Amino acid sequence: MLVKTIALDGPAASGKSTVGQLLAQELGFLFFDTGIMYRAVTLAALEAEVPIDDETACTRLAEETHIDVRPPTTDDGRTNDILINGADKTWQIRTPEVDANVSEVSTYPGVRAALTQKQREIGQRGEVVMVGRDIGTVVMPDAPLKIFLDASAEERARRRYQERLDRGEPADYEEVLSIVRQRDQIDSTRDVAPLRPAEDARIIDSESISAEDVFRIILKFAQEKGIA
Ligand code: CDP
């Protein structure tokens with residue numbers, strides 16, 4: 001039986017979440033942003049004052065932290081409530097401090113093993129749009145449709161900068177760009193599950209295409225594959 005999973009990978013702020021949510025809505029699929037899990041473990045470590053370079057402690061947190069994604073209960077622009085061990089941490093997982101540390105936590109093999117297992121359990125139920133860095137290569141290598149969404153670091157930093165301003169948060173473009181570049185570097189050079197397109201992924205450059213158009217392109221691929 002065809003497991004209807006769409007694997008949507010790409011670097012930071014390449015538009016995966018926006019496009020993924022449009023797709024999930026259109027197809028009636030679950031939208032699952034795996035980056036939330038890496039962010040949740042990073043926030044848990046920062047809050048517990050666990051040193052980010054303590055791989056063993058971070059791995060334990062990945063195994064023990066309870067992460068839940070629920071329908072939104074507050075009308076403040078959120079698409080979901082993100083609960084970490086029962087507490088609402090929807091915006092706390094998006095701070096510059098988490099941005100600056102999440103890629104290092106994501107290099108730890110133990111952290112990846114714990115989170116990958118949870119992601120597969122959900123992916124294998126099918127009818128999921130799963131967004132991340134290694135969905136097509138590691139988490140769901142049998143996904144019938146794999147997309148790798150890309151754009152220049154400058155364009156992606158502009159998008160992230162704008163998101164911050166839209167939320168009424170202070171933002172500095174040069175700082176956002178430098179963190180985007182640093183995360184790209186760590187994410188694509190790590191030993192385990194580095195950021196790269198799967199061999200059979202369709203690569204889409206979203207530099208000058210709107211999210212709406214990217215959505216339509218992927219929807220067409222999904223129809224061709226018999227997923228939509
Ligand atoms: O939203 P943004 O694209 O900035 O990042 P994210 O998708 O929330 O992911 C945050 C970080 O988690 C990434 O920079 C990766 O280091 C890590 N990640 C990963 O390693 N594997 C995934 N499947 C998803 C995220």
# chains A, B, ... in the order shown; residues from 1 in each chain; ligands from 1
$ closest_atom_pairs --of "chain A" --to "ligand 1" --cutoff "8 Å" --atoms "only C-alpha atoms and all ligand atoms" --output "Markdown table"
| residue | atom | partner | partner_atom_place_in_ligand_line | distance |
| --- | --- | --- | --- | --- |
| A:Asp9 | CA | ligand 1 | 23 (N) | 7.7 |
| A:Gly10 | CA | ligand 1 | 3 (O) | 7.5 |
| A:Pro11 | CA | ligand 1 | 3 (O) | 5.8 |
| A:Ala12 | CA | ligand 1 | 3 (O) | 3.2 |
| A:Ala13 | CA | ligand 1 | 3 (O) | 4.2 |
| A:Ser14 | CA | ligand 1 | 3 (O) | 6.4 |
| A:Gly15 | CA | ligand 1 | 3 (O) | 7.5 |
| A:Lys16 | CA | ligand 1 | 3 (O) | 7.1 |
| A:Ser17 | CA | ligand 1 | 1 (O) | 7.3 |
| A:Asp33 | CA | ligand 1 | 7 (O) | 6.8 |
| A:Thr34 | CA | ligand 1 | 24 (C) | 4.8 |
| A:Gly35 | CA | ligand 1 | 25 (C) | 3.6 |
| A:Ile36 | CA | ligand 1 | 8 (O) | 5.5 |
| A:Met37 | CA | ligand 1 | 25 (C) | 7.5 |
| A:Tyr38 | CA | ligand 1 | 12 (O) | 4.8 |
| A:Arg39 | CA | ligand 1 | 10 (C) | 5.9 |
| A:Arg94 | CA | ligand 1 | 8 (O) | 7.9 |
| A:Asp99 | CA | ligand 1 | 10 (C) | 7.1 |
| A:Val102 | CA | ligand 1 | 11 (C) | 5.3 |
| A:Ser103 | CA | ligand 1 | 16 (O) | 3.5 |
| A:Glu104 | CA | ligand 1 | 16 (O) | 6.9 |
| A:Val105 | CA | ligand 1 | 16 (O) | 7.3 |
| A:Ser106 | CA | ligand 1 | 20 (O) | 4.8 |
| A:Thr107 | CA | ligand 1 | 20 (O) | 7.0 |
| A:Arg112 | CA | ligand 1 | 20 (O) | 7.5 |
| A:Thr116 | CA | ligand 1 | 23 (N) | 7.9 |
| A:Val131 | CA | ligand 1 | 23 (N) | 6.8 |
| A:Gly132 | CA | ligand 1 | 23 (N) | 3.6 |
| A:Arg133 | CA | ligand 1 | 23 (N) | 4.2 |
| A:Asp134 | CA | ligand 1 | 23 (N) | 4.9 |
| A:Ile135 | CA | ligand 1 | 23 (N) | 5.9 |
| A:Val139 | CA | ligand 1 | 23 (N) | 7.8 |
| A:Arg160 | CA | ligand 1 | 4 (O) | 7.7 |
| A:Val180 | CA | ligand 1 | 4 (O) | 7.7 |
| A:Arg183 | CA | ligand 1 | 14 (O) | 5.5 |
| A:Asp184 | CA | ligand 1 | 14 (O) | 7.1 |
| A:Ile186 | CA | ligand 1 | 16 (O) | 7.3 |
| A:Asp187 | CA | ligand 1 | 16 (O) | 5.2 |
| A:Ala193 | CA | ligand 1 | 20 (O) | 7.5 |
| A:Pro194 | CA | ligand 1 | 20 (O) | 7.5 |
| A:Leu195 | CA | ligand 1 | 20 (O) | 7.5 |
$ select_by_dssp --residues "segment 94-197 of chain A" --states "strand (DSSP E)" --output "PyMOL selection string"
chain A and resi 128-132+145-150
$ select_by_dssp --residues "segment 18-137 of chain A" --states "alpha helix (DSSP H)" --output "PyMOL selection string"
chain A and resi 18-27+35-47+55-64+96-105+109-123
$ atom_distance --atom1 "atom CA of Phe148 of chain A" --atom2 "atom CA of Arg196 of chain A"
8.1 Å
$ atom_distance --atom1 "atom CA of Ala228 of chain A" --atom2 "atom CA of Pro141 of chain A"
19.3 Å
$ residues_around --residues "Val19 of chain A" --least-positions-apart "4" --cutoff "8 Å" --atoms "only C-alpha atoms" --output "PyMOL selection string"
chain A and resi 15+23+211-212+214-215
$ write_last_selection --atoms "N, CA, C and O atoms" --output "mmCIF file, in the first residue's frame"
data_model
loop_
_atom_site.group_PDB
_atom_site.id
_atom_site.type_symbol
_atom_site.label_atom_id
_atom_site.label_comp_id
_atom_site.auth_asym_id
_atom_site.auth_seq_id
_atom_site.Cartn_x
_atom_site.Cartn_y
_atom_site.Cartn_z
ATOM 1 N N GLY A 15 11.114 28.310 3.364
ATOM 2 C CA GLY A 15 9.683 28.373 3.056
ATOM 3 C C GLY A 15 8.981 27.037 3.252
ATOM 4 O O GLY A 15 7.813 26.891 2.865
ATOM 5 N N LEU A 23 0.005 22.718 1.620
ATOM 6 C CA LEU A 23 -0.187 21.374 1.052
ATOM 7 C C LEU A 23 -1.054 20.511 1.956
ATOM 8 O O LEU A 23 -1.969 19.825 1.490
ATOM 9 N N ALA A 211 5.380 31.576 -2.340
ATOM 10 C CA ALA A 211 5.038 30.326 -1.644
ATOM 11 C C ALA A 211 3.828 29.674 -2.323
ATOM 12 O O ALA A 211 3.771 28.447 -2.463
ATOM 13 N N GLU A 212 2.902 30.504 -2.757
ATOM 14 C CA GLU A 212 1.699 30.006 -3.429
ATOM 15 C C GLU A 212 2.070 29.225 -4.701
ATOM 16 O O GLU A 212 1.536 28.141 -4.972
ATOM 17 N N VAL A 214 5.063 27.814 -5.371
ATOM 18 C CA VAL A 214 5.790 26.593 -4.976
ATOM 19 C C VAL A 214 4.768 25.519 -4.589
ATOM 20 O O VAL A 214 4.878 24.360 -4.985
ATOM 21 N N PHE A 215 3.764 25.944 -3.834
ATOM 22 C CA PHE A 215 2.686 25.039 -3.425
ATOM 23 C C PHE A 215 2.030 24.398 -4.652
ATOM 24 O O PHE A 215 1.840 23.175 -4.709
#
$ atom_distance --atom1 "atom CA of Leu30 of chain A" --atom2 "atom CA of Glu127 of chain A"
6.3 Å
$ residues_around --residues "Ile82 of chain A" --least-positions-apart "6" --cutoff "7 Å" --atoms "only C-alpha atoms" --output "number ranges by chain"
A: 68-70, 88-90
$ closest_residue --among "A:Ser152, A:Thr95, A:Pro144, A:Ile203" --to "Pro170 of chain A" --atoms "only C-alpha atoms"
A:Thr95
